[in-house]
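*Asks:* File query.pdb below, PDB, C-alpha atoms, pLDDT in the B column:
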```
ATOM      1  CA  MET A   1       0.000   0.000   0.000  1.00 93.00           C
ATOM      2  CA  LEU A   2       1.241   3.472  -0.893  1.00 96.00           C
ATOM      3  CA  ASP A   3       1.943   5.294   2.372  1.00 96.00           C
ATOM      4  CA  THR A   4       4.866   7.612   1.552  1.00 98.00           C
ATOM      5  CA  ILE A   5       5.699  10.255  -1.027  1.00 98.00           C
ATOM      6  CA  LEU A   6       9.414  10.978  -1.386  1.00 98.00           C
ATOM      7  CA  LEU A   7       9.669  14.575  -2.583  1.00 98.00           C
ATOM      8  CA  LEU A   8      12.868  15.819  -4.226  1.00 98.00           C
ATOM      9  CA  ALA A   9      12.780  19.586  -4.625  1.00 98.00           C
ATOM     10  CA  GLY A  10      14.568  22.795  -3.752  1.00 97.00           C
ATOM     11  CA  GLU A  11      14.556  24.271  -0.265  1.00 96.00           C
ATOM     12  CA  THR A  12      11.969  26.917  -1.159  1.00 96.00           C
ATOM     13  CA  GLU A  13       9.614  24.519  -2.927  1.00 97.00           C
ATOM     14  CA  ARG A  14       9.659  21.619  -0.460  1.00 97.00           C
ATOM     15  CA  PRO A  15       7.250  22.990   2.191  1.00 97.00           C
ATOM     16  CA  VAL A  16       4.801  24.320  -0.413  1.00 97.00           C
ATOM     17  CA  LEU A  17       4.675  21.152  -2.507  1.00 98.00           C
ATOM     18  CA  ALA A  18       4.536  18.915   0.556  1.00 98.00           C
ATOM     19  CA  GLY A  19       1.549  20.940   1.757  1.00 97.00           C
ATOM     20  CA  TRP A  20      -0.278  20.401  -1.537  1.00 98.00           C
ATOM     21  CA  LEU A  21       0.320  16.665  -1.325  1.00 98.00           C
ATOM     22  CA  ARG A  22      -0.898  16.473   2.279  1.00 97.00           C
ATOM     23  CA  ARG A  23      -4.027  18.449   1.439  1.00 97.00           C
ATOM     24  CA  ALA A  24      -4.752  16.016  -1.388  1.00 97.00           C
ATOM     25  CA  GLU A  25      -4.369  13.045   1.013  1.00 96.00           C
ATOM     26  CA  PRO A  26      -4.148  13.999   4.701  1.00 95.00           C
ATOM     27  CA  GLY A  27      -3.010  10.505   5.702  1.00 94.00           C
ATOM     28  CA  ILE A  28      -0.008  10.418   3.382  1.00 97.00           C
ATOM     29  CA  ARG A  29       3.520  10.654   4.777  1.00 97.00           C
ATOM     30  CA  VAL A  30       5.688  13.101   2.846  1.00 98.00           C
ATOM     31  CA  VAL A  31       9.462  12.838   3.153  1.00 98.00           C
ATOM     32  CA  ALA A  32      10.953  15.957   1.566  1.00 97.00           C
ATOM     33  CA  ALA A  33      14.627  15.837   0.637  1.00 97.00           C
ATOM     34  CA  GLY A  34      17.136  18.077  -1.082  1.00 96.00           C
ATOM     35  CA  ALA A  35      19.392  15.305  -2.369  1.00 97.00           C
ATOM     36  CA  VAL A  36      19.066  11.715  -3.563  1.00 96.00           C
ATOM     37  CA  ALA A  37      21.502  10.691  -0.827  1.00 96.00           C
ATOM     38  CA  ASP A  38      18.965  11.840   1.779  1.00 96.00           C
ATOM     39  CA  LEU A  39      16.266   9.390   0.661  1.00 96.00           C
ATOM     40  CA  PRO A  40      15.449   6.502   3.032  1.00 95.00           C
ATOM     41  CA  ALA A  41      16.751   3.025   2.244  1.00 93.00           C
ATOM     42  CA  ASP A  42      13.343   1.329   2.338  1.00 94.00           C
ATOM     43  CA  VAL A  43      11.180   2.699  -0.482  1.00 96.00           C
ATOM     44  CA  SER A  44       9.004  -0.349  -1.097  1.00 96.00           C
ATOM     45  CA  SER A  45       5.788   1.462  -0.096  1.00 97.00           C
ATOM     46  CA  ALA A  46       6.775   4.832  -1.554  1.00 98.00           C
ATOM     47  CA  ARG A  47       6.407   6.905  -4.706  1.00 98.00           C
ATOM     48  CA  LEU A  48       9.110   9.371  -5.687  1.00 98.00           C
ATOM     49  CA  VAL A  49       8.182  12.815  -7.003  1.00 98.00           C
ATOM     50  CA  ALA A  50      10.911  15.141  -8.285  1.00 98.00           C
ATOM     51  CA  PHE A  51      10.189  18.791  -9.023  1.00 98.00           C
ATOM     52  CA  VAL A  52      12.570  20.675 -11.338  1.00 96.00           C
ATOM     53  CA  PHE A  53      15.338  18.714  -9.657  1.00 95.00           C
ATOM     54  CA  PRO A  54      18.911  18.717 -11.051  1.00 91.00           C
ATOM     55  CA  GLU A  55      20.160  15.340  -9.789  1.00 93.00           C
ATOM     56  CA  ILE A  56      19.780  12.113 -11.742  1.00 91.00           C
ATOM     57  CA  VAL A  57      18.062   9.439  -9.644  1.00 94.00           C
ATOM     58  CA  PRO A  58      20.003   6.157 -10.034  1.00 94.00           C
ATOM     59  CA  GLY A  59      18.267   3.231 -11.687  1.00 94.00           C
ATOM     60  CA  GLY A  60      18.764   1.124  -8.558  1.00 94.00           C
ATOM     61  CA  VAL A  61      16.633   3.558  -6.545  1.00 95.00           C
ATOM     62  CA  LEU A  62      13.950   3.657  -9.235  1.00 96.00           C
ATOM     63  CA  ARG A  63      13.721  -0.141  -9.325  1.00 96.00           C
ATOM     64  CA  ARG A  64      13.190  -0.372  -5.555  1.00 96.00           C
ATOM     65  CA  LEU A  65      10.271   2.045  -5.484  1.00 97.00           C
ATOM     66  CA  GLY A  66       6.962   0.297  -4.925  1.00 96.00           C
ATOM     67  CA  TYR A  67       4.877   2.948  -6.682  1.00 97.00           C
ATOM     68  CA  GLY A  68       7.129   4.421  -9.323  1.00 96.00           C
ATOM     69  CA  ALA A  69       8.753   7.805  -9.766  1.00 97.00           C
ATOM     70  CA  TYR A  70       7.549  10.973 -11.472  1.00 97.00           C
ATOM     71  CA  ASN A  71       9.381  14.102 -12.553  1.00 97.00           C
ATOM     72  CA  PHE A  72       8.310  17.655 -13.357  1.00 98.00           C
ATOM     73  CA  HIS A  73      10.541  18.821 -16.203  1.00 97.00           C
ATOM     74  CA  PRO A  74      10.677  22.597 -16.914  1.00 97.00           C
ATOM     75  CA  GLY A  75      10.345  22.164 -20.648  1.00 97.00           C
ATOM     76  CA  PRO A  76       8.056  20.504 -23.215  1.00 98.00           C
ATOM     77  CA  PRO A  77       8.683  16.997 -24.606  1.00 97.00           C
ATOM     78  CA  GLU A  78      10.432  18.544 -27.621  1.00 97.00           C
ATOM     79  CA  TYR A  79      13.263  19.661 -25.323  1.00 96.00           C
ATOM     80  CA  PRO A  80      14.413  16.878 -22.967  1.00 96.00           C
ATOM     81  CA  GLY A  81      17.488  17.399 -20.855  1.00 94.00           C
ATOM     82  CA  TRP A  82      19.329  20.281 -19.244  1.00 92.00           C
ATOM     83  CA  ALA A  83      18.434  24.016 -19.566  1.00 94.00           C
ATOM     84  CA  PRO A  84      15.769  23.394 -22.225  1.00 96.00           C
ATOM     85  CA  ALA A  85      14.673  27.039 -22.338  1.00 96.00           C
ATOM     86  CA  ALA A  86      18.008  28.106 -23.838  1.00 95.00           C
ATOM     87  CA  PHE A  87      17.706  25.641 -26.703  1.00 95.00           C
ATOM     88  CA  ALA A  88      14.088  26.626 -27.354  1.00 96.00           C
ATOM     89  CA  LEU A  89      15.011  30.316 -27.562  1.00 94.00           C
ATOM     90  CA  TYR A  90      17.890  29.529 -29.896  1.00 93.00           C
ATOM     91  CA  ASP A  91      15.497  27.580 -32.135  1.00 94.00           C
ATOM     92  CA  GLY A  92      12.958  30.414 -32.078  1.00 93.00           C
ATOM     93  CA  ALA A  93      10.277  28.095 -30.659  1.00 96.00           C
ATOM     94  CA  ALA A  94       6.770  29.592 -30.705  1.00 97.00           C
ATOM     95  CA  THR A  95       5.563  27.502 -27.758  1.00 98.00           C
ATOM     96  CA  PHE A  96       7.156  26.130 -24.609  1.00 98.00           C
ATOM     97  CA  GLY A  97       5.930  24.533 -21.389  1.00 98.00           C
ATOM     98  CA  ALA A  98       6.484  21.901 -18.706  1.00 98.00           C
ATOM     99  CA  THR A  99       6.165  18.116 -18.678  1.00 98.00           C
ATOM    100  CA  LEU A 100       5.149  15.541 -16.078  1.00 97.00           C
ATOM    101  CA  HIS A 101       6.570  12.120 -16.862  1.00 97.00           C
ATOM    102  CA  GLU A 102       7.451   8.786 -15.359  1.00 96.00           C
ATOM    103  CA  MET A 103      11.120   8.550 -14.453  1.00 96.00           C
ATOM    104  CA  ALA A 104      13.371   6.061 -16.228  1.00 92.00           C
ATOM    105  CA  ALA A 105      17.041   5.175 -15.942  1.00 86.00           C
ATOM    106  CA  ARG A 106      17.769   7.709 -18.724  1.00 86.00           C
ATOM    107  CA  ALA A 107      16.889  11.287 -17.829  1.00 83.00           C
ATOM    108  CA  ASP A 108      13.756  12.721 -19.472  1.00 82.00           C
ATOM    109  CA  ALA A 109      12.961   9.517 -21.302  1.00 87.00           C
ATOM    110  CA  GLY A 110      10.064   8.045 -19.313  1.00 93.00           C
ATOM    111  CA  THR A 111       6.442   7.880 -20.421  1.00 96.00           C
ATOM    112  CA  ILE A 112       4.749  11.277 -20.532  1.00 97.00           C
ATOM    113  CA  CYS A 113       1.702  11.887 -18.323  1.00 97.00           C
ATOM    114  CA  ASP A 114       0.835  15.520 -19.016  1.00 97.00           C
ATOM    115  CA  VAL A 115       2.089  18.761 -20.582  1.00 97.00           C
ATOM    116  CA  GLU A 116       1.368  22.383 -19.686  1.00 97.00           C
ATOM    117  CA  SER A 117       1.970  24.572 -22.751  1.00 98.00           C
ATOM    118  CA  PHE A 118       2.092  28.312 -23.400  1.00 98.00           C
ATOM    119  CA  ALA A 119       3.011  30.680 -26.214  1.00 98.00           C
ATOM    120  CA  VAL A 120       6.484  32.216 -25.984  1.00 97.00           C
ATOM    121  CA  PRO A 121       5.965  35.997 -25.598  1.00 96.00           C
ATOM    122  CA  ALA A 122       7.463  38.334 -28.167  1.00 93.00           C
ATOM    123  CA  GLY A 123      10.920  39.490 -27.124  1.00 89.00           C
ATOM    124  CA  CYS A 124      11.133  36.859 -24.367  1.00 93.00           C
ATOM    125  CA  ASP A 125      14.612  36.422 -22.897  1.00 92.00           C
ATOM    126  CA  LEU A 126      16.091  33.353 -21.212  1.00 93.00           C
ATOM    127  CA  ARG A 127      15.311  34.393 -17.655  1.00 94.00           C
ATOM    128  CA  ARG A 128      11.677  35.146 -18.487  1.00 95.00           C
ATOM    129  CA  LEU A 129      11.181  31.882 -20.365  1.00 97.00           C
ATOM    130  CA  GLU A 130      12.624  29.911 -17.447  1.00 96.00           C
ATOM    131  CA  GLU A 131      10.279  31.759 -15.074  1.00 97.00           C
ATOM    132  CA  LEU A 132       7.282  30.897 -17.256  1.00 98.00           C
ATOM    133  CA  ALA A 133       8.362  27.235 -17.440  1.00 98.00           C
ATOM    134  CA  TYR A 134       8.725  27.150 -13.651  1.00 98.00           C
ATOM    135  CA  ALA A 135       5.210  28.569 -13.254  1.00 98.00           C
ATOM    136  CA  ALA A 136       3.898  25.961 -15.706  1.00 98.00           C
ATOM    137  CA  SER A 137       5.605  23.244 -13.642  1.00 98.00           C
ATOM    138  CA  LEU A 138       3.841  24.521 -10.516  1.00 98.00           C
ATOM    139  CA  HIS A 139       0.495  24.480 -12.314  1.00 97.00           C
ATOM    140  CA  LEU A 140       1.118  20.876 -13.333  1.00 97.00           C
ATOM    141  CA  PHE A 141       2.049  19.876  -9.800  1.00 98.00           C
ATOM    142  CA  GLU A 142      -1.047  21.462  -8.283  1.00 97.00           C
ATOM    143  CA  ARG A 143      -3.251  19.792 -10.893  1.00 96.00           C
ATOM    144  CA  TRP A 144      -1.665  16.376 -10.332  1.00 97.00           C
ATOM    145  CA  ALA A 145      -1.220  16.374  -6.551  1.00 97.00           C
ATOM    146  CA  GLU A 146      -4.315  14.222  -6.005  1.00 97.00           C
ATOM    147  CA  ALA A 147      -3.275  11.645  -8.597  1.00 96.00           C
ATOM    148  CA  LEU A 148       0.271  11.463  -7.238  1.00 97.00           C
ATOM    149  CA  VAL A 149      -0.905  10.468  -3.759  1.00 97.00           C
ATOM    150  CA  SER A 150      -3.221   7.780  -5.150  1.00 96.00           C
ATOM    151  CA  PRO A 151      -1.868   4.205  -5.319  1.00 93.00           C
ATOM    152  CA  LEU A 152      -3.217   3.965  -8.866  1.00 92.00           C
ATOM    153  CA  ARG A 153      -0.798   4.565 -11.693  1.00 89.00           C
ATOM    154  CA  PRO A 154      -1.312   8.080 -13.119  1.00 89.00           C
ATOM    155  CA  PRO A 155      -2.706   8.304 -16.672  1.00 90.00           C
ATOM    156  CA  ARG A 156      -0.357   8.597 -19.637  1.00 91.00           C
ATOM    157  CA  LEU A 157      -0.347  10.492 -22.921  1.00 92.00           C
ATOM    158  CA  PRO A 158       0.675   9.086 -26.332  1.00 91.00           C
ATOM    159  CA  LEU A 159       3.476  11.625 -26.727  1.00 93.00           C
ATOM    160  CA  ARG A 160       7.162  11.140 -27.452  1.00 94.00           C
ATOM    161  CA  TRP A 161      10.247  13.002 -26.355  1.00 96.00           C
ATOM    162  CA  GLY A 162      12.251  14.973 -28.895  1.00 95.00           C
ATOM    163  CA  ALA A 163      15.257  13.237 -30.399  1.00 91.00           C
ATOM    164  CA  ARG A 164      17.783  15.900 -29.366  1.00 88.00           C
ATOM    165  CA  GLN A 165      18.939  15.791 -25.739  1.00 90.00           C
ATOM    166  CA  CYS A 166      19.754  19.202 -24.264  1.00 91.00           C
ATOM    167  CA  THR A 167      23.088  18.880 -22.454  1.00 91.00           C
ATOM    168  CA  ARG A 168      25.481  20.987 -20.400  1.00 91.00           C
ATOM    169  CA  LYS A 169      28.062  20.663 -23.165  1.00 91.00           C
ATOM    170  CA  GLY A 170      25.574  21.863 -25.757  1.00 90.00           C
ATOM    171  CA  PHE A 171      24.612  24.783 -23.529  1.00 90.00           C
ATOM    172  CA  ALA A 172      28.255  25.809 -23.070  1.00 87.00           C
ATOM    173  CA  GLU A 173      28.808  25.686 -26.821  1.00 85.00           C
ATOM    174  CA  LEU A 174      25.685  27.762 -27.387  1.00 84.00           C
ATOM    175  CA  ALA A 175      26.821  30.403 -24.895  1.00 83.00           C
ATOM    176  CA  GLY A 176      29.859  31.385 -26.942  1.00 83.00           C
ATOM    177  CA  ILE A 177      29.907  32.911 -30.420  1.00 82.00           C
ATOM    178  CA  PRO A 178      32.151  30.878 -32.717  1.00 82.00           C
ATOM    179  CA  GLU A 179      34.823  32.605 -34.755  1.00 82.00           C
ATOM    180  CA  GLY A 180      33.526  33.494 -38.182  1.00 83.00           C
ATOM    181  CA  ALA A 181      29.862  33.185 -37.155  1.00 84.00           C
ATOM    182  CA  SER A 182      27.399  34.803 -39.535  1.00 90.00           C
ATOM    183  CA  GLU A 183      25.343  37.821 -38.492  1.00 87.00           C
ATOM    184  CA  GLU A 184      22.240  35.605 -38.366  1.00 87.00           C
ATOM    185  CA  GLU A 185      24.012  33.160 -36.040  1.00 87.00           C
ATOM    186  CA  ARG A 186      25.146  36.030 -33.805  1.00 86.00           C
ATOM    187  CA  ARG A 187      21.577  37.279 -33.556  1.00 83.00           C
ATOM    188  CA  ARG A 188      20.276  33.820 -32.665  1.00 84.00           C
ATOM    189  CA  ARG A 189      22.758  33.444 -29.826  1.00 85.00           C
ATOM    190  CA  ALA A 190      22.250  37.006 -28.647  1.00 83.00           C
ATOM    191  CA  ARG A 191      18.541  36.249 -28.345  1.00 81.00           C
ATOM    192  CA  VAL A 192      19.408  33.583 -25.785  1.00 86.00           C
ATOM    193  CA  PHE A 193      22.196  35.277 -23.818  1.00 81.00           C
ATOM    194  CA  GLY A 194      21.993  38.941 -24.816  1.00 72.00           C
ATOM    195  CA  GLY A 195      24.741  41.160 -26.137  1.00 49.00           C
ATOM    196  CA  GLU A 196      27.476  39.308 -27.955  1.00 39.00           C
ATOM    197  CA  GLY A 197      27.101  36.053 -26.068  1.00 38.00           C
ATOM    198  CA  ASP A 198      29.637  34.787 -23.574  1.00 37.00           C
ATOM    199  CA  ASN A 199      31.727  31.804 -22.601  1.00 34.00           C
ATOM    200  CA  ARG A 200      30.090  30.980 -19.269  1.00 31.00           C
ATOM    201  CA  ARG A 201      29.820  27.364 -18.187  1.00 27.00           C
ATOM    202  CA  PRO A 202      26.746  25.894 -16.452  1.00 28.00           C
TER     203      PRO A 202
END
```
Show how you would write the structure in this file as structure tokens.
*Replies:*
Amino acid sequence: MLDTILLLAGETERPVLAGWLRRAEPGIRVVAAGAVADLPADVSSARLVAFVFPEIVPGGVLRRLGYGAYNFHPGPPEYPGWAPAAFALYDGAATFGATLHEMAARADAGTICDVESFAVPAGCDLRRLEELAYAASLHLFERWAEALVSPLRPPRLPLRWGARQCTRKGFAELAGIPEGASEEERRRRARVFGGEGDNRRP
């Protein structure tokens, strides 16, 4: 029987999200943690919920969970991986969003349960797009809190992840302007990082 939700989230989000889960099911035990290493050893009667969480949960932990694991990804299925907003801005994407999905051994590869989408505002910069994706992730969490504390498996959608994985290496390459870049390429990168781009590393 499902009796515990293991919540992986940031320090600011943990009390808020835990409160939503407890309101959805007052009898549920919520163990909120800031790192995978802080999770309990016995997870046989637990479900893991990760919210915009940077760590990769090892496959061994996922296999031991009695009621699966779910992740709130701050990007749509077209942009799996790290810092998806940067890649979407570079591509000139017209829409963006957040995704709830089952967790698998490979990051952002599990079955998709739901997507919260929105139009990218004109002139949107990276910080603003990340803020909008974060808000969309919160909307998803609030909508799904009741389903996440139910022992039943949450519904799924017949959607697939995009083929390109957003990575830290790709982000670092995107942040700098290559020598000999065309004016169009400079504009695309400036849209993401502003100015002439930079060489920062995530």
*Asks:* Run the PyMOL selection byres ((chain A and resi 137) around 9) on the file and write out the hits as a list of chain:residue names.
*Replies:*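 Output from the PyMOL selection byres ((chain A and resi 137) around 9), applied to this file: A:Phe51, A:Val52, A:Phe72, A:His73, A:Pro74, A:Gly75, A:Gly97, A:Ala98, A:Thr99, A:Leu100, A:Val115, A:Glu116, A:Leu132, A:Ala133, A:Tyr134, A:Ala135, A:Ala136, A:Leu138, A:His139, A:Leu140, A:Phe141, A:Glu142.
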*Asks:* Please identify all polymer residues within 6 Å of A:Ala50, counting only C-alpha atoms, omitting same-chain residues fewer than 3 positions from it, and present them as JSON, numbers by chain.
*Replies:* {"A": [7, 8, 53, 71]}
*Asks:* Report as CSV the residues of stretch 120-158 of chain A within 12 Å of stretch 87-92 of chain A, each with its shortest atom pair and distance in Å (one decimal), using all atoms listed in the file, ordered by chain and increasing residue number.
*Replies:*
```
residue,atom,partner,partner_atom,distance
A:Val120,CA,A:Leu89,CA,8.9
A:Pro121,CA,A:Leu89,CA,10.9
A:Ala122,CA,A:Gly92,CA,10.4
A:Gly123,CA,A:Leu89,CA,10.1
A:Cys124,CA,A:Leu89,CA,8.2
A:Asp125,CA,A:Leu89,CA,7.7
A:Leu126,CA,A:Leu89,CA,7.1
A:Arg127,CA,A:Leu89,CA,10.7
A:Arg128,CA,A:Leu89,CA,10.8
A:Leu129,CA,A:Leu89,CA,8.3
A:Glu130,CA,A:Leu89,CA,10.4
A:Ala133,CA,A:Ala88,CA,11.5
```
*Asks:* Translate the PyMOL selection byres ((chain A and resi 154) around 10), as applied to the file shown, into an explicit residue set as a VMD selection string.
*Replies:* chain A and resid 68 70 101 to 102 113 to 114 144 146 to 153 155 to 156
*Asks:* Please enumerate the residues selected by the PyMOL selection byres ((chain A and resi 30) around 6) when evaluated against the supplied file, formatted as a list in words.
*Replies:* Thr4, Ile5, Arg29 and Val31 of chain A
